[in-house]
Amino acid sequence: MSRSADHANHPGHAGLKQRVVTAFQRRVANPVLRRVPLQTVLETTGRTSGLPRRTPIGGRRVGTTFWLVSEYGEKSHYIRNIKADPSVRVRIRGHWHEGTAHLLPDDDPVARLRTLPRMNSAAVRVLGAELLTVRVDLRG
């Protein structure tokens, strides 16, 4: 195994990568992307604050279901919020839809990413460490 491959697989590397990516997303990318009208956004209820928390996401609507893959699994704040309250809203193409989120740890997230938009899926594969599939059953 090459030295760089060995470094990439080091347990501490995944945690550092998550902290760096999460800090960038939280402070730079998310505040901008949340304001883009056609950006897909997941709204959860903050597990501590009770306030709405909006996270730009990638995914795909299939009928009355919205599919996404979390790049950091149960470490993602929006996943922790879903565990506390699975009632969510998803903004798709500028329109809000209420739904119930379900975490699917038995689903193959890499296979799932192949069915989702390519650009976001590629970013999730590159940046992610503990992928987790999420299904949102939309109402109305």
# chains A, B, ... in the order shown; residues from 1 in each chain; ligands from 1
>>> residues_around(residues="range 90-96 of chain A", least_positions_apart="2", cutoff="8 Å", atoms="only C-alpha atoms", output="MDAnalysis selection string")
chainID A and resid 37:43 88 98:99
>>> residues_around(residues="Ser76 in chain A", least_positions_apart="3", cutoff="10 Å", atoms="only C-alpha atoms", output="list in words")
Gln18, Thr22, Ser70, Glu71, Tyr72, Gly73, Ile79, Arg80, Asn81, Ile82, Glu130 and Leu132 of chain A
>>> residues_around(residues="Arg135 in chain A", least_positions_apart="5", cutoff="10 Å", atoms="only C-alpha atoms", output="list in words")
Gly59, Arg61, Thr65, Phe66, Trp67, Leu68, Val69, Gly99, Thr100, Ala101, His102, Leu103 and Leu104 of chain A
>>> atom_distance(atom1="CA of Val134 in chain A", atom2="CA of Ser49 in chain A")
22.7 Å
>>> atom_distance(atom1="CA of Arg89 in chain A", atom2="CA of Thr48 in chain A")
18.1 Å
>>> atom_distance(atom1="CA of Asn120 in chain A", atom2="CA of Pro52 in chain A")
23.5 Å
>>> select_by_dssp(residues="range 41-118 of chain A", states="alpha helix (DSSP H)", output="list of chain:residue names")
A:His77, A:Tyr78, A:Ile79, A:Arg80, A:Asn81, A:Ile82, A:Lys83, A:Ala84, A:Pro109, A:Val110, A:Ala111, A:Arg112, A:Leu113, A:Arg118
>>> write_last_selection(atoms="N, CA, C and O atoms", output="PDB file, in the first residue's frame")
ATOM      1  N   HIS A  77     -25.498  16.547  11.598  1.00  0.00           N
ATOM      2  CA  HIS A  77     -26.466  17.190  12.488  1.00  0.00           C
ATOM      3  C   HIS A  77     -27.891  16.982  12.003  1.00  0.00           C
ATOM      4  O   HIS A  77     -28.787  16.757  12.814  1.00  0.00           O
ATOM      5  N   TYR A  78     -28.123  17.039  10.692  1.00  0.00           N
ATOM      6  CA  TYR A  78     -29.503  16.853  10.235  1.00  0.00           C
ATOM      7  C   TYR A  78     -29.979  15.428  10.457  1.00  0.00           C
ATOM      8  O   TYR A  78     -31.168  15.201  10.696  1.00  0.00           O
ATOM      9  N   ILE A  79     -29.076  14.460  10.473  1.00  0.00           N
ATOM     10  CA  ILE A  79     -29.458  13.082  10.788  1.00  0.00           C
ATOM     11  C   ILE A  79     -29.806  12.978  12.274  1.00  0.00           C
ATOM     12  O   ILE A  79     -30.798  12.349  12.652  1.00  0.00           O
ATOM     13  N   ARG A  80     -29.034  13.619  13.121  1.00  0.00           N
ATOM     14  CA  ARG A  80     -29.351  13.633  14.561  1.00  0.00           C
ATOM     15  C   ARG A  80     -30.712  14.289  14.795  1.00  0.00           C
ATOM     16  O   ARG A  80     -31.490  13.843  15.637  1.00  0.00           O
ATOM     17  N   ASN A  81     -30.995  15.356  14.041  1.00  0.00           N
ATOM     18  CA  ASN A  81     -32.299  16.017  14.165  1.00  0.00           C
ATOM     19  C   ASN A  81     -33.426  15.087  13.716  1.00  0.00           C
ATOM     20  O   ASN A  81     -34.476  15.034  14.357  1.00  0.00           O
ATOM     21  N   ILE A  82     -33.211  14.351  12.633  1.00  0.00           N
ATOM     22  CA  ILE A  82     -34.218  13.399  12.144  1.00  0.00           C
ATOM     23  C   ILE A  82     -34.466  12.309  13.178  1.00  0.00           C
ATOM     24  O   ILE A  82     -35.611  11.912  13.403  1.00  0.00           O
ATOM     25  N   LYS A  83     -33.415  11.847  13.827  1.00  0.00           N
ATOM     26  CA  LYS A  83     -33.587  10.814  14.862  1.00  0.00           C
ATOM     27  C   LYS A  83     -34.467  11.334  16.005  1.00  0.00           C
ATOM     28  O   LYS A  83     -35.250  10.587  16.577  1.00  0.00           O
ATOM     29  N   ALA A  84     -34.354  12.624  16.318  1.00  0.00           N
ATOM     30  CA  ALA A  84     -35.154  13.217  17.393  1.00  0.00           C
ATOM     31  C   ALA A  84     -36.575  13.525  16.927  1.00  0.00           C
ATOM     32  O   ALA A  84     -37.517  13.445  17.713  1.00  0.00           O
ATOM     33  N   PRO A 109     -25.701   2.513   0.353  1.00  0.00           N
ATOM     34  CA  PRO A 109     -25.656   3.919  -0.039  1.00  0.00           C
ATOM     35  C   PRO A 109     -24.856   4.160  -1.321  1.00  0.00           C
ATOM     36  O   PRO A 109     -25.171   5.080  -2.077  1.00  0.00           O
ATOM     37  N   VAL A 110     -23.854   3.349  -1.593  1.00  0.00           N
ATOM     38  CA  VAL A 110     -23.066   3.526  -2.817  1.00  0.00           C
ATOM     39  C   VAL A 110     -23.928   3.185  -4.031  1.00  0.00           C
ATOM     40  O   VAL A 110     -23.957   3.919  -5.028  1.00  0.00           O
ATOM     41  N   ALA A 111     -24.681   2.088  -3.943  1.00  0.00           N
ATOM     42  CA  ALA A 111     -25.609   1.734  -5.012  1.00  0.00           C
ATOM     43  C   ALA A 111     -26.686   2.811  -5.141  1.00  0.00           C
ATOM     44  O   ALA A 111     -27.076   3.189  -6.245  1.00  0.00           O
ATOM     45  N   ARG A 112     -27.173   3.322  -4.033  1.00  0.00           N
ATOM     46  CA  ARG A 112     -28.197   4.361  -4.051  1.00  0.00           C
ATOM     47  C   ARG A 112     -27.683   5.610  -4.749  1.00  0.00           C
ATOM     48  O   ARG A 112     -28.396   6.253  -5.524  1.00  0.00           O
ATOM     49  N   LEU A 113     -26.420   5.980  -4.479  1.00  0.00           N
ATOM     50  CA  LEU A 113     -25.848   7.170  -5.113  1.00  0.00           C
ATOM     51  C   LEU A 113     -25.861   7.064  -6.634  1.00  0.00           C
ATOM     52  O   LEU A 113     -25.968   8.075  -7.326  1.00  0.00           O
ATOM     53  N   ARG A 118     -25.661  12.976 -10.545  1.00  0.00           N
ATOM     54  CA  ARG A 118     -24.225  12.661 -10.607  1.00  0.00           C
ATOM     55  C   ARG A 118     -23.312  13.603  -9.846  1.00  0.00           C
ATOM     56  O   ARG A 118     -22.406  13.153  -9.158  1.00  0.00           O
TER      57      ARG A 118
END
>>> select_by_dssp(residues="range 27-136 of chain A", states="strand (DSSP E or B)", output="ChimeraX atom specification")
/A:41-45,52-56,60-62,65-70,87-92,95-104,132-136
>>> write_last_selection(atoms="N, CA, C and O atoms", output="compact mmCIF listing (two decimals), in the first residue's frame")
# COMPACT_ATOMS: atom_id res chain seq x y z
N VAL A 41 -33.41 21.72 -0.50
CA VAL A 41 -33.08 22.00 0.89
C VAL A 41 -33.92 21.07 1.78
O VAL A 41 -35.11 20.88 1.55
N LEU A 42 -33.27 20.52 2.80
CA LEU A 42 -33.95 19.71 3.81
C LEU A 42 -34.11 20.56 5.06
O LEU A 42 -33.14 21.13 5.56
N GLU A 43 -35.34 20.65 5.55
CA GLU A 43 -35.60 21.38 6.79
C GLU A 43 -35.96 20.39 7.89
O GLU A 43 -36.92 19.63 7.76
N THR A 44 -35.17 20.38 8.93
CA THR A 44 -35.42 19.55 10.10
C THR A 44 -35.72 20.48 11.27
O THR A 44 -35.57 21.70 11.17
N THR A 45 -36.12 19.90 12.39
CA THR A 45 -36.31 20.67 13.62
C THR A 45 -35.10 20.41 14.51
O THR A 45 -34.76 19.25 14.78
N PRO A 52 -36.28 25.62 13.20
CA PRO A 52 -36.06 25.00 11.89
C PRO A 52 -34.59 25.11 11.49
O PRO A 52 -33.96 26.15 11.69
N ARG A 53 -34.05 24.02 10.97
CA ARG A 53 -32.67 23.97 10.50
C ARG A 53 -32.69 23.56 9.04
O ARG A 53 -33.23 22.50 8.70
N ARG A 54 -32.13 24.38 8.18
CA ARG A 54 -32.16 24.13 6.74
C ARG A 54 -30.79 23.77 6.22
O ARG A 54 -29.82 24.50 6.45
N THR A 55 -30.75 22.64 5.51
CA THR A 55 -29.50 22.11 4.98
C THR A 55 -29.65 21.86 3.48
O THR A 55 -30.51 21.09 3.08
N PRO A 56 -28.80 22.49 2.65
CA PRO A 56 -28.82 22.17 1.23
C PRO A 56 -28.40 20.71 1.03
O PRO A 56 -27.45 20.24 1.67
N ARG A 60 -33.01 12.90 -5.11
CA ARG A 60 -33.96 12.79 -6.22
C ARG A 60 -35.32 12.38 -5.71
O ARG A 60 -35.44 11.49 -4.87
N ARG A 61 -36.32 13.04 -6.27
CA ARG A 61 -37.71 12.67 -5.99
C ARG A 61 -38.11 11.58 -6.98
O ARG A 61 -37.89 11.70 -8.19
N VAL A 62 -38.73 10.53 -6.44
CA VAL A 62 -39.28 9.45 -7.25
C VAL A 62 -40.71 9.26 -6.77
O VAL A 62 -40.93 8.70 -5.69
N THR A 65 -41.69 9.90 -3.00
CA THR A 65 -40.53 9.62 -2.15
C THR A 65 -39.35 10.47 -2.59
O THR A 65 -39.13 10.66 -3.78
N PHE A 66 -38.61 11.00 -1.61
CA PHE A 66 -37.37 11.72 -1.90
C PHE A 66 -36.22 10.92 -1.30
O PHE A 66 -36.28 10.54 -0.13
N TRP A 67 -35.19 10.66 -2.10
CA TRP A 67 -34.03 9.88 -1.67
C TRP A 67 -32.80 10.76 -1.58
O TRP A 67 -32.57 11.61 -2.44
N LEU A 68 -31.99 10.55 -0.54
CA LEU A 68 -30.71 11.23 -0.40
C LEU A 68 -29.75 10.33 0.36
O LEU A 68 -30.17 9.35 0.99
N VAL A 69 -28.48 10.66 0.29
CA VAL A 69 -27.46 9.93 1.04
C VAL A 69 -26.68 10.95 1.86
O VAL A 69 -26.14 11.93 1.32
N SER A 70 -26.63 10.73 3.16
CA SER A 70 -25.86 11.58 4.07
C SER A 70 -24.40 11.17 4.02
O SER A 70 -24.08 9.99 4.15
N SER A 87 -40.22 14.32 11.34
CA SER A 87 -41.04 15.21 10.50
C SER A 87 -40.13 16.25 9.88
O SER A 87 -39.43 16.97 10.59
N VAL A 88 -40.13 16.31 8.55
CA VAL A 88 -39.24 17.22 7.83
C VAL A 88 -40.02 17.93 6.72
O VAL A 88 -41.17 17.59 6.45
N ARG A 89 -39.35 18.91 6.13
CA ARG A 89 -39.83 19.51 4.89
C ARG A 89 -38.67 19.46 3.90
O ARG A 89 -37.51 19.59 4.29
N VAL A 90 -39.02 19.30 2.61
CA VAL A 90 -38.01 19.30 1.57
C VAL A 90 -38.43 20.32 0.52
O VAL A 90 -39.57 20.29 0.04
N ARG A 91 -37.51 21.24 0.20
CA ARG A 91 -37.77 22.20 -0.87
C ARG A 91 -37.20 21.62 -2.16
O ARG A 91 -36.00 21.41 -2.28
N ILE A 92 -38.10 21.32 -3.08
CA ILE A 92 -37.72 20.73 -4.37
C ILE A 92 -38.20 21.68 -5.47
O ILE A 92 -39.39 22.00 -5.54
N HIS A 95 -40.43 24.52 -4.30
CA HIS A 95 -41.69 24.25 -3.60
C HIS A 95 -41.42 23.35 -2.39
O HIS A 95 -40.70 22.36 -2.48
N TRP A 96 -42.04 23.70 -1.25
CA TRP A 96 -41.87 22.94 -0.02
C TRP A 96 -42.85 21.78 0.04
O TRP A 96 -44.02 21.92 -0.32
N HIS A 97 -42.36 20.63 0.51
CA HIS A 97 -43.16 19.42 0.67
C HIS A 97 -42.91 18.87 2.08
O HIS A 97 -41.75 18.70 2.47
N GLU A 98 -43.98 18.60 2.81
CA GLU A 98 -43.84 17.99 4.13
C GLU A 98 -43.65 16.49 3.97
O GLU A 98 -44.13 15.90 3.00
N GLY A 99 -42.94 15.89 4.92
CA GLY A 99 -42.73 14.45 4.84
C GLY A 99 -42.19 13.88 6.13
O GLY A 99 -41.97 14.59 7.11
N THR A 100 -41.99 12.58 6.09
CA THR A 100 -41.41 11.85 7.21
C THR A 100 -40.14 11.18 6.72
O THR A 100 -40.17 10.43 5.73
N ALA A 101 -39.03 11.44 7.42
CA ALA A 101 -37.74 10.88 7.03
C ALA A 101 -37.50 9.54 7.72
O ALA A 101 -37.86 9.37 8.89
N HIS A 102 -36.89 8.63 6.98
CA HIS A 102 -36.55 7.31 7.50
C HIS A 102 -35.08 7.04 7.21
O HIS A 102 -34.65 7.15 6.06
N LEU A 103 -34.32 6.69 8.24
CA LEU A 103 -32.92 6.33 8.07
C LEU A 103 -32.86 4.85 7.69
O LEU A 103 -33.53 4.03 8.31
N LEU A 104 -32.08 4.53 6.66
CA LEU A 104 -32.03 3.17 6.14
C LEU A 104 -30.61 2.60 6.19
O LEU A 104 -29.94 2.50 5.17
N LEU A 132 -25.00 7.10 4.61
CA LEU A 132 -26.26 6.59 5.14
C LEU A 132 -27.40 7.04 4.22
O LEU A 132 -27.54 8.23 3.94
N THR A 133 -28.19 6.08 3.77
CA THR A 133 -29.34 6.40 2.92
C THR A 133 -30.50 6.92 3.77
O THR A 133 -30.76 6.40 4.85
N VAL A 134 -31.18 7.93 3.23
CA VAL A 134 -32.36 8.50 3.88
C VAL A 134 -33.49 8.52 2.85
O VAL A 134 -33.30 8.97 1.72
N ARG A 135 -34.65 8.03 3.26
CA ARG A 135 -35.85 8.08 2.44
C ARG A 135 -36.83 9.02 3.13
O ARG A 135 -37.09 8.89 4.32
N VAL A 136 -37.37 9.96 2.36
CA VAL A 136 -38.39 10.86 2.89
C VAL A 136 -39.69 10.54 2.16
O VAL A 136 -39.77 10.66 0.93
